[in-house]
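Raw entry_13.txt, compact mmCIF, C-alpha atoms:
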# COMPACT_ATOMS: atom_id res chain seq x y z
CA MET N 1 -37.21 -29.41 11.60
CA LEU N 2 -37.40 -30.59 8.00
CA GLN N 3 -34.25 -31.72 6.25
CA HIS N 4 -33.17 -29.78 3.15
CA LYS N 5 -33.63 -31.91 0.02
CA SER N 6 -31.10 -31.59 -2.78
CA ASN N 7 -33.78 -31.69 -5.47
CA TRP N 8 -35.80 -28.80 -4.01
CA SER N 9 -36.11 -25.75 -6.19
CA ILE N 10 -35.77 -22.25 -4.79
CA ASP N 11 -39.58 -22.00 -4.79
CA ASP N 12 -39.83 -25.26 -2.84
CA CYS N 13 -37.44 -23.89 -0.28
CA ARG N 14 -39.26 -20.59 -0.08
CA LEU N 15 -42.47 -22.44 0.76
CA GLN N 16 -40.60 -24.33 3.49
CA ARG N 17 -38.65 -21.30 4.76
CA HIS N 18 -39.87 -21.68 8.32
CA ALA N 19 -38.72 -25.30 8.40
CA CYS N 20 -35.53 -25.41 6.32
CA ILE N 21 -32.73 -23.66 8.17
CA ILE N 22 -30.37 -23.93 5.17
CA CYS N 23 -32.59 -22.09 2.75
CA LYS N 24 -33.98 -19.73 5.34
CA SER N 25 -30.50 -18.41 6.04
CA PHE N 26 -29.54 -18.35 2.36
CA LEU N 27 -32.67 -16.55 1.21
CA GLN N 28 -31.93 -13.78 3.68
CA GLN N 29 -28.95 -13.10 1.45
CA ARG N 30 -28.99 -12.70 -2.34
CA CYS N 31 -29.74 -15.98 -4.11
CA PHE N 32 -27.44 -16.74 -7.02
CA GLY N 33 -29.21 -19.98 -7.92
CA SER N 34 -27.47 -22.47 -5.62
CA HIS N 35 -27.77 -23.85 -2.09
CA LEU N 36 -25.41 -24.63 0.75
CA LEU N 37 -23.04 -26.97 -1.08
CA THR N 38 -22.22 -24.29 -3.67
CA MET N 39 -22.57 -21.15 -1.54
CA ALA N 40 -19.54 -18.92 -2.12
CA SER N 41 -19.00 -18.30 1.60
CA SER N 42 -18.75 -22.06 2.25
CA LYS N 43 -15.55 -22.33 0.20
CA LEU N 44 -12.49 -22.49 2.47
CA HIS N 45 -9.56 -23.84 0.44
CA SER N 46 -8.83 -20.55 -1.32
CA SER N 47 -8.13 -19.04 2.11
CA ILE N 48 -5.46 -21.53 3.21
CA PHE N 49 -3.60 -22.83 0.15
CA HIS N 50 -0.48 -20.71 0.81
CA PRO N 51 1.60 -20.70 4.04
CA ILE N 52 1.27 -16.92 4.45
CA LEU N 53 -2.50 -17.13 4.00
CA ARG N 54 -2.57 -19.72 6.77
CA LYS N 55 -0.60 -17.41 9.06
CA LEU N 56 -3.11 -14.64 8.38
CA GLN N 57 -5.82 -16.85 9.85
CA CYS N 58 -4.08 -16.54 13.24
CA GLN N 59 -5.01 -13.28 14.95
CA ASP N 60 -3.05 -11.39 17.63
CA VAL N 61 -1.47 -7.94 18.00
CA ALA N 62 2.19 -8.70 17.31
CA ILE N 63 3.83 -7.13 14.28
CA GLU N 64 5.77 -9.70 12.29
CA ALA N 65 6.77 -9.92 8.65
CA HIS N 66 3.55 -11.69 7.62
CA ASN N 67 1.53 -8.80 9.08
CA LEU N 68 2.95 -6.45 6.43
CA MET N 69 2.18 -6.22 2.70
CA TYR N 70 4.32 -4.02 0.46
CA PRO N 71 2.50 -2.05 -2.30
CA LEU N 72 4.49 -1.53 -5.52
CA PHE N 73 3.98 0.36 -8.78
CA LEU N 74 5.00 -1.42 -11.98
CA VAL N 75 5.54 0.42 -15.29
CA GLU N 76 5.99 -0.65 -18.91
CA ASP N 77 9.69 0.24 -19.24
CA ASP N 78 11.46 -2.77 -17.73
CA ASP N 79 14.54 -0.78 -16.71
CA ALA N 80 12.80 2.29 -15.28
CA ILE N 81 13.00 3.77 -11.80
CA GLN N 82 10.63 6.73 -11.55
CA ASN N 83 10.74 8.55 -8.22
CA ILE N 84 7.38 9.85 -6.99
CA SER N 85 7.78 13.41 -5.72
CA SER N 86 4.68 13.35 -3.50
CA MET N 87 5.86 10.12 -1.83
CA PRO N 88 9.55 10.51 -0.94
CA GLY N 89 11.33 7.16 -0.94
CA VAL N 90 8.71 5.50 -3.17
CA ALA N 91 9.20 4.87 -6.89
CA ARG N 92 7.62 3.22 -9.89
CA TYR N 93 9.70 0.29 -11.12
CA GLY N 94 10.09 -1.61 -14.35
CA LEU N 95 10.23 -5.39 -14.22
CA ASN N 96 14.02 -5.66 -14.14
CA THR N 97 14.49 -2.89 -11.58
CA LEU N 98 11.65 -4.31 -9.47
CA LEU N 99 13.39 -7.68 -9.26
CA THR N 100 16.59 -5.95 -8.18
CA HIS N 101 14.70 -3.79 -5.67
CA LEU N 102 12.93 -6.74 -4.11
CA GLU N 103 15.89 -9.08 -3.72
CA PRO N 104 17.36 -7.54 -0.53
CA ILE N 105 13.92 -6.86 0.95
CA VAL N 106 12.86 -10.47 0.47
CA ALA N 107 16.14 -11.48 2.10
CA LYS N 108 15.12 -9.35 5.11
CA GLY N 109 11.85 -11.24 5.44
CA LEU N 110 9.35 -9.65 3.05
CA GLN N 111 6.46 -12.09 2.66
CA SER N 112 3.81 -10.39 0.54
CA ILE N 113 3.42 -7.64 -2.07
CA LEU N 114 0.55 -5.82 -3.78
CA LEU N 115 1.13 -4.87 -7.43
CA PHE N 116 -0.33 -1.87 -9.26
CA GLY N 117 0.14 -1.49 -13.00
CA VAL N 118 0.92 1.99 -14.34
CA VAL N 119 0.89 2.66 -18.09
CA ASP N 120 2.07 5.55 -20.26
CA LYS N 121 2.52 4.12 -23.75
CA MET N 122 -0.35 1.65 -23.79
CA PRO N 123 -3.54 3.15 -25.30
CA LYS N 124 -6.36 3.73 -22.84
CA ASP N 125 -10.00 3.16 -23.79
CA SER N 126 -13.49 3.13 -22.30
CA THR N 127 -13.32 -0.48 -21.05
CA GLY N 128 -9.70 -0.65 -19.88
CA SER N 129 -8.71 -3.27 -22.43
CA GLY N 130 -5.04 -2.84 -21.50
CA ALA N 131 -5.66 -4.18 -18.00
CA ASP N 132 -5.61 -7.82 -19.12
CA CYS N 133 -3.71 -7.74 -22.40
CA ALA N 134 -0.55 -9.81 -22.88
CA THR N 135 1.71 -6.72 -22.74
CA ASN N 136 0.29 -5.44 -19.45
CA PRO N 137 3.25 -4.91 -17.07
CA VAL N 138 1.63 -6.85 -14.22
CA ILE N 139 0.79 -9.86 -16.38
CA ARG N 140 4.31 -9.92 -17.81
CA ALA N 141 5.84 -9.60 -14.34
CA LEU N 142 3.95 -12.34 -12.53
CA PRO N 143 5.77 -15.38 -13.98
CA ARG N 144 9.16 -13.72 -13.41
CA LEU N 145 8.29 -12.79 -9.84
CA ARG N 146 7.00 -16.28 -9.08
CA ALA N 147 10.21 -17.79 -10.44
CA ALA N 148 12.54 -15.35 -8.67
CA PHE N 149 10.76 -15.42 -5.29
CA PRO N 150 8.86 -18.72 -5.01
CA ASP N 151 7.81 -18.16 -1.38
CA LEU N 152 6.58 -14.58 -1.86
CA LEU N 153 2.80 -14.10 -1.67
CA ILE N 154 1.78 -11.92 -4.64
CA ALA N 155 -1.44 -9.90 -4.74
CA CYS N 156 -2.62 -7.83 -7.71
CA ASP N 157 -4.88 -4.82 -7.49
CA VAL N 158 -7.81 -5.23 -9.88
CA CYS N 159 -9.38 -2.05 -11.22
CA LEU N 160 -10.11 -0.29 -14.49
CA CYS N 161 -9.07 3.26 -13.56
CA PRO N 162 -5.36 3.07 -14.60
CA TYR N 163 -6.38 1.74 -18.03
CA THR N 164 -9.51 3.73 -18.96
CA ASP N 165 -9.50 6.98 -20.89
CA HIS N 166 -11.96 8.45 -18.38
CA GLY N 167 -10.07 7.33 -15.25
CA HIS N 168 -13.09 5.85 -13.48
CA CYS N 169 -13.15 2.42 -11.86
CA GLY N 170 -15.85 0.89 -14.04
CA VAL N 171 -17.48 1.02 -17.45
CA LEU N 172 -19.63 4.14 -17.97
CA THR N 173 -22.98 4.69 -19.61
CA SER N 174 -23.30 7.22 -22.44
CA ASP N 175 -24.15 9.93 -19.91
CA GLY N 176 -21.15 9.22 -17.68
CA ILE N 177 -22.71 7.05 -14.96
CA ILE N 178 -21.27 3.74 -13.74
CA ASP N 179 -22.76 0.79 -15.66
CA ASN N 180 -22.47 -1.96 -13.08
CA GLU N 181 -23.05 -5.17 -15.07
CA PRO N 182 -20.43 -4.61 -17.79
CA SER N 183 -18.13 -3.23 -15.09
CA ILE N 184 -18.14 -6.41 -12.99
CA LYS N 185 -17.77 -8.50 -16.13
CA ARG N 186 -14.56 -6.62 -16.97
CA ILE N 187 -13.31 -6.76 -13.37
CA ALA N 188 -13.83 -10.54 -13.32
CA GLU N 189 -12.03 -10.95 -16.66
CA ILE N 190 -9.05 -8.95 -15.38
CA ALA N 191 -8.95 -10.95 -12.14
CA LEU N 192 -8.93 -14.18 -14.15
CA ALA N 193 -6.06 -12.94 -16.33
CA TYR N 194 -3.98 -12.12 -13.25
CA ALA N 195 -4.78 -15.48 -11.66
CA LYS N 196 -3.80 -17.34 -14.83
CA ALA N 197 -0.52 -15.37 -14.96
CA GLY N 198 0.36 -16.44 -11.40
CA ALA N 199 -1.27 -14.12 -8.85
CA HIS N 200 -1.93 -15.77 -5.50
CA ILE N 201 -4.44 -13.03 -4.62
CA VAL N 202 -6.64 -10.76 -6.71
CA ALA N 203 -7.73 -7.59 -4.92
CA PRO N 204 -10.62 -5.72 -6.55
CA SER N 205 -10.53 -2.05 -5.54
CA ASP N 206 -13.26 -0.81 -7.87
CA MET N 207 -16.18 -0.88 -5.39
CA MET N 208 -18.70 -2.11 -7.97
CA ASP N 209 -21.72 -3.99 -6.62
CA ASN N 210 -21.44 -7.81 -6.69
CA ARG N 211 -17.97 -7.99 -8.23
CA ILE N 212 -16.80 -10.49 -5.59
CA TYR N 213 -19.37 -13.06 -6.69
CA ALA N 214 -18.45 -12.48 -10.34
CA ILE N 215 -14.76 -13.01 -9.60
CA LYS N 216 -15.28 -16.10 -7.45
CA GLN N 217 -17.51 -17.58 -10.14
CA ILE N 218 -15.07 -17.03 -13.00
CA LEU N 219 -12.17 -18.40 -10.94
CA SER N 220 -14.19 -21.49 -10.09
CA ASP N 221 -15.25 -21.95 -13.72
CA ASN N 222 -11.57 -21.97 -14.70
CA ASN N 223 -10.44 -24.37 -11.95
CA LEU N 224 -8.62 -21.60 -10.07
CA GLY N 225 -11.01 -21.34 -7.14
CA ASN N 226 -8.63 -23.07 -4.74
CA ARG N 227 -5.45 -21.49 -6.14
CA CYS N 228 -6.30 -17.80 -6.03
CA SER N 229 -7.73 -15.84 -3.09
CA VAL N 230 -9.94 -12.78 -3.30
CA LEU N 231 -8.95 -9.88 -1.06
CA SER N 232 -11.81 -7.43 -1.30
CA TYR N 233 -11.41 -3.71 -0.81
CA SER N 234 -14.72 -4.12 1.01
CA VAL N 235 -14.86 -0.86 2.93
CA LYS N 236 -13.15 1.77 0.81
CA PHE N 237 -13.97 5.36 1.58
CA ALA N 238 -13.94 8.34 -0.80
CA SER N 239 -10.94 9.91 0.91
CA GLY N 240 -8.66 12.89 0.47
CA PHE N 241 -5.80 10.71 1.71
CA TYR N 242 -5.47 9.14 -1.77
CA GLY N 243 -3.93 12.24 -3.37
CA PRO N 244 -0.31 11.05 -3.71
CA PHE N 245 -1.45 7.61 -4.93
CA ARG N 246 -3.33 9.08 -7.87
CA ASP N 247 -0.11 10.84 -8.83
CA ALA N 248 1.84 7.59 -8.43
CA ALA N 249 -0.65 5.40 -10.35
CA LYS N 250 -1.62 8.10 -12.89
CA SER N 251 -5.23 7.15 -12.25
CA ALA N 252 -7.08 10.37 -11.38
CA PRO N 253 -10.55 10.59 -12.97
CA ALA N 254 -10.74 12.77 -16.07
CA PHE N 255 -13.99 14.29 -14.80
CA GLY N 256 -16.13 14.18 -11.67
CA ASP N 257 -15.15 12.08 -8.67
CA ARG N 258 -15.70 8.60 -7.23
CA LYS N 259 -18.16 9.50 -4.50
CA CYS N 260 -21.00 7.59 -6.16
CA TYR N 261 -19.26 4.24 -5.66
CA GLN N 262 -16.73 4.77 -2.85
CA LEU N 263 -18.17 5.22 0.64
CA PRO N 264 -18.88 8.57 2.35
CA PRO N 265 -16.24 9.27 5.03
CA GLY N 266 -18.85 9.78 7.76
CA SER N 267 -20.76 6.60 7.03
CA LYS N 268 -20.96 3.58 9.29
CA GLY N 269 -24.07 1.65 8.31
CA ILE N 270 -23.22 1.40 4.62
CA ALA N 271 -19.71 0.29 5.60
CA LYS N 272 -21.32 -2.54 7.52
CA ARG N 273 -23.50 -3.38 4.51
CA ALA N 274 -20.50 -3.33 2.15
CA ALA N 275 -18.56 -5.82 4.26
CA LYS N 276 -21.64 -8.06 4.65
CA ARG N 277 -22.22 -8.05 0.89
CA ASP N 278 -18.66 -9.17 0.15
CA VAL N 279 -18.66 -11.85 2.84
CA GLU N 280 -21.90 -13.29 1.46
CA GLU N 281 -20.42 -13.31 -2.06
CA GLY N 282 -17.40 -15.33 -0.90
CA ALA N 283 -14.53 -12.91 -0.22
CA ASP N 284 -11.59 -14.73 1.37
CA MET N 285 -10.26 -11.58 3.05
CA LEU N 286 -11.57 -8.07 3.73
CA MET N 287 -9.98 -4.63 3.72
CA VAL N 288 -10.63 -1.22 5.21
CA LYS N 289 -9.11 1.76 3.40
CA PRO N 290 -7.75 4.29 4.47
CA GLY N 291 -6.31 3.40 7.86
CA MET N 292 -5.82 5.86 10.71
CA ALA N 293 -9.06 7.83 10.33
CA TYR N 294 -11.15 4.65 10.16
CA LEU N 295 -10.02 2.45 13.06
CA ASP N 296 -13.57 2.39 14.41
CA ILE N 297 -14.63 0.79 11.13
CA VAL N 298 -11.75 -1.69 11.36
CA LYS N 299 -13.05 -2.77 14.76
CA GLN N 300 -16.62 -2.93 13.47
CA VAL N 301 -15.66 -5.18 10.57
CA LYS N 302 -13.46 -7.41 12.72
CA ASP N 303 -16.14 -7.75 15.38
CA ASP N 304 -18.65 -8.76 12.72
CA TYR N 305 -16.33 -11.17 10.88
CA PRO N 306 -13.60 -12.41 13.24
CA GLU N 307 -13.20 -15.54 11.12
CA LEU N 308 -11.85 -13.61 8.09
CA PRO N 309 -8.39 -12.02 7.83
CA LEU N 310 -8.74 -8.24 7.77
CA PHE N 311 -6.34 -5.94 5.94
CA ILE N 312 -5.94 -2.23 6.46
CA TYR N 313 -4.34 0.02 3.84
CA GLN N 314 -2.07 2.71 5.26
CA VAL N 315 -2.56 4.82 2.16
CA SER N 316 -0.27 7.23 0.33
CA GLY N 317 -1.47 10.33 2.18
CA GLU N 318 -0.86 8.68 5.55
CA TYR N 319 2.63 7.65 4.44
CA SER N 320 3.55 11.13 3.21
CA MET N 321 2.01 12.82 6.25
CA LEU N 322 3.98 10.72 8.74
CA LEU N 323 7.23 10.90 6.76
CA ASN N 324 7.10 14.66 6.22
CA ALA N 325 6.22 15.33 9.86
CA ALA N 326 9.18 13.26 10.99
CA GLN N 327 11.51 14.98 8.52
CA ILE N 328 10.70 18.43 9.93
CA GLY N 329 11.30 17.17 13.47
CA ALA N 330 7.69 17.02 14.67
CA PHE N 331 8.29 13.55 16.11
CA ASP N 332 10.49 10.47 15.89
CA LEU N 333 9.30 8.36 12.96
CA LYS N 334 10.03 4.98 14.52
CA THR N 335 8.16 5.80 17.73
CA VAL N 336 5.08 7.18 16.01
CA LEU N 337 4.92 4.69 13.13
CA TRP N 338 5.19 1.78 15.54
CA GLU N 339 2.38 3.31 17.61
CA VAL N 340 0.22 3.63 14.50
CA LEU N 341 0.87 0.03 13.42
CA VAL N 342 0.13 -1.34 16.88
CA GLY N 343 -3.08 0.70 16.94
CA MET N 344 -4.13 -0.80 13.62
CA ARG N 345 -3.44 -4.30 14.88
CA ARG N 346 -5.26 -3.58 18.14
CA ALA N 347 -8.32 -2.37 16.21
CA GLY N 348 -8.45 -5.73 14.46
CA ALA N 349 -6.22 -5.59 11.39
CA ASP N 350 -4.36 -8.81 10.64
CA CYS N 351 -2.21 -7.31 7.89
CA VAL N 352 -1.17 -3.71 7.18
CA ILE N 353 -0.52 -2.67 3.58
CA SER N 354 2.20 -0.05 3.98
CA TYR N 355 4.82 1.77 1.93
CA PHE N 356 6.90 1.70 5.13
CA THR N 357 7.21 -2.12 4.92
CA PRO N 358 10.95 -2.22 3.99
CA LEU N 359 11.77 0.15 6.87
CA VAL N 360 9.73 -1.85 9.38
CA LEU N 361 11.46 -5.05 8.25
CA ASP N 362 14.77 -3.36 9.05
CA TRP N 363 13.47 -2.58 12.53
CA LEU N 364 12.27 -6.16 13.01
CA GLN N 365 15.79 -7.41 12.22
CA ALA N 366 17.53 -4.99 14.56
In structure tokens, how does this file's structure come out?
Amino acid sequence: MLQHKSNWSIDDCRLQRHACIICKSFLQQRCFGSHLLTMASSKLHSSIFHPILRKLQCQDVAIEAHNLMYPLFLVEDDDAIQNISSMPGVARYGLNTLLTHLEPIVAKGLQSILLFGVVDKMPKDSTGSGADCATNPVIRALPRLRAAFPDLLIACDVCLCPYTDHGHCGVLTSDGIIDNEPSIKRIAEIALAYAKAGAHIVAPSDMMDNRIYAIKQILSDNNLGNRCSVLSYSVKFASGFYGPFRDAAKSAPAFGDRKCYQLPPGSKGIAKRAAKRDVEEGADMLMVKPGMAYLDIVKQVKDDYPELPLFIYQVSGEYSMLLNAAQIGAFDLKTVLWEVLVGMRRAGADCVISYFTPLVLDWLQA
């Protein structure tokens, strides 16, 4: 077996592909112009720089505080509390009210949150320029949240849809089709802005091709590669369960739908390909979304990549469905929700993103 030589070009390695195990394995993936020492998937430090990230590397089926991530909606008005009618018990918060809301929950053991920006006053445009501007509510909130809750792991959803005038998750061509290259450039720029403002995790939910590599590259170029993790919405299906969320985030598309970039609900092979793509591009953590209807996919992804923490998003429709059924007496919420969470963990999820997180923390303390 020949040894790989550091001065070999890609063409040299291609000629030696039957002898060089490094380049043989790398050329089976997409080549971004570097070899093993700079391969994105060989970078480990961004997965373990925070104590909660280290806990997420330890897999079992218990449900503890670090197995829960709390999604939150953040608006421009710092003193606002806007109840969401389609999600009883969930609200959009301004920065000041969010800090007040979080204080008792952190005291009960909350360890991680996922932030979504929601804008009303900020102008929306074709490239989502408000997503990374200085007045963006998420960017303004991050330093305050880091100061108020220094041990809290903070993730930020990265997408264009809340900030574009067309409501789609990427930049569009003149005839209304996703334009992938400018889309991933914008997604990477937004991720960098959140990382610079203090995010521990950036979580791209856009489902553009190759955005994980673009994000990892821009973080590395700005010396943030070992201080900000990438949680990829790797396997995100085009689901009817997102209905209440689009009301909450005010992010419904102005025309058409997202079926050309989110995955078909009945698909399995392309879900496998999506996860593989993101792993090869250097994702620190993976996600399957939605949850209950896709536990077979959770198991598939975990079986394929047991070394990576796997998140599952118990989405807005699942939350409202379970809550409303319990409220009309169809079942006991604690019994059924606990069963659902255990099932998600059993399927392979290491962390559940859930609007029920404050309630479950209460149960864990009881």
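Atom CA of Lys302 of chain N lies 25.7 Å from atom CA of Ala199 of chain N.
Comparing the minimum interatomic distances between Val202 of chain N and each of N:Ser46, N:Gln365, N:Asn324, N:Gln57, counting only C-alpha atoms, we find that N:Ser46 sits nearest.
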| note | Shortest contact to Asp79 of chain N, candidates N:Val288, N:Val352, N:Leu153, N:Leu98, atoms counted all atoms listed in the file, goes to N:Leu98
| request: Would you mind reading off the distance between atom CA of Glu189 of chain N and atom CA of Asn226 of chain N, one decimal, in Å? | output: 17.3 Å
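Atom CA of Gly167 of chain N lies 25.5 Å from atom CA of Lys196 of chain N.
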| query | Could you pull the residues within 6 Å of segment 132-137 of chain N, counting only C-alpha atoms, minus those fewer than 5 positions along the same chain, as a ChimeraX atom specification? | reply | /N:76,190,193
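With distances restricted to all atoms listed in the file, N:Met69 is the closest residue to Ile105 of chain N from N:Met69, N:Ile84, N:Ile177, N:Ile139.
Considering only C-alpha atoms, the residue among N:Gln314, N:Ser41, N:Ser239, N:Ser234 positioned nearest to Ile270 of chain N is N:Ser234.
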| task | Check the smallest atom-to-atom distance from each of N:Ala195, N:Leu56, N:Ala274, N:Ala283 to Leu44 of chain N using all atoms listed in the file, then report the winner. | result | N:Ala283
| task | Please identify all polymer residues within 7 Å of Leu286 of chain N, counting all atoms listed in the file, omitting same-chain residues fewer than 2 positions from it, and present them as a PyMOL selection string. | result | chain N and resi 231-234+283+309-311
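Nearest residue to Leu172 of chain N among N:Thr127, N:Ile201, N:Asp284, N:Ile154 is N:Thr127, counting only C-alpha atoms.
Residues lying within 9 Å of segment 325-341 of chain N, counting only C-alpha atoms and ignoring same-chain neighbours fewer than 6 positions away, are Ile63, Met292, Val352, Phe356, Val360 and Trp363 of chain N.
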Keeping only C-alpha atoms, write those residues as a PDB file, in the frame of the given file.
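Produced file selection-v5.pdb, reproduced below:
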ATOM      1  CA  ILE N  63       3.830  -7.130  14.280  1.00  0.00           C
ATOM      2  CA  MET N 292      -5.820   5.860  10.710  1.00  0.00           C
ATOM      3  CA  VAL N 352      -1.170  -3.710   7.180  1.00  0.00           C
ATOM      4  CA  PHE N 356       6.900   1.700   5.130  1.00  0.00           C
ATOM      5  CA  VAL N 360       9.730  -1.850   9.380  1.00  0.00           C
ATOM      6  CA  TRP N 363      13.470  -2.580  12.530  1.00  0.00           C
TER       7      TRP N 363
END
Since the input is missing atoms for segment 291-305 of chain N, could you rebuild it with N, CA and C atoms and give the result as a compact mmCIF listing (two decimals), keeping the file's coordinate frame?
# COMPACT_ATOMS: atom_id res chain seq x y z
N GLY N 291 -6.56 4.02 6.58
CA GLY N 291 -6.31 3.40 7.86
C GLY N 291 -6.64 4.25 9.07
N MET N 292 -5.78 5.20 9.40
CA MET N 292 -5.82 5.86 10.71
C MET N 292 -7.16 6.52 11.04
N ALA N 293 -7.81 7.12 10.05
CA ALA N 293 -9.06 7.83 10.33
C ALA N 293 -10.25 6.90 10.44
N TYR N 294 -10.04 5.59 10.24
CA TYR N 294 -11.15 4.65 10.16
C TYR N 294 -10.96 3.43 11.06
N LEU N 295 -10.26 3.60 12.18
CA LEU N 295 -10.02 2.45 13.06
C LEU N 295 -11.29 1.96 13.72
N ASP N 296 -12.28 2.85 13.88
CA ASP N 296 -13.57 2.39 14.41
C ASP N 296 -14.24 1.42 13.43
N ILE N 297 -14.06 1.68 12.14
CA ILE N 297 -14.63 0.79 11.13
C ILE N 297 -13.86 -0.53 11.09
N VAL N 298 -12.54 -0.47 11.27
CA VAL N 298 -11.75 -1.69 11.36
C VAL N 298 -12.29 -2.58 12.48
N LYS N 299 -12.52 -1.99 13.64
CA LYS N 299 -13.05 -2.77 14.76
C LYS N 299 -14.44 -3.31 14.45
N GLN N 300 -15.26 -2.49 13.82
CA GLN N 300 -16.62 -2.93 13.47
C GLN N 300 -16.58 -4.14 12.55
N VAL N 301 -15.74 -4.07 11.52
CA VAL N 301 -15.66 -5.18 10.57
C VAL N 301 -15.10 -6.43 11.24
N LYS N 302 -14.05 -6.25 12.07
CA LYS N 302 -13.46 -7.41 12.72
C LYS N 302 -14.41 -8.03 13.73
N ASP N 303 -15.15 -7.21 14.44
CA ASP N 303 -16.14 -7.75 15.38
C ASP N 303 -17.21 -8.55 14.66
N ASP N 304 -17.60 -8.07 13.48
CA ASP N 304 -18.65 -8.76 12.72
C ASP N 304 -18.14 -10.04 12.06
N TYR N 305 -16.87 -10.04 11.63
CA TYR N 305 -16.33 -11.17 10.88
C TYR N 305 -14.95 -11.58 11.41
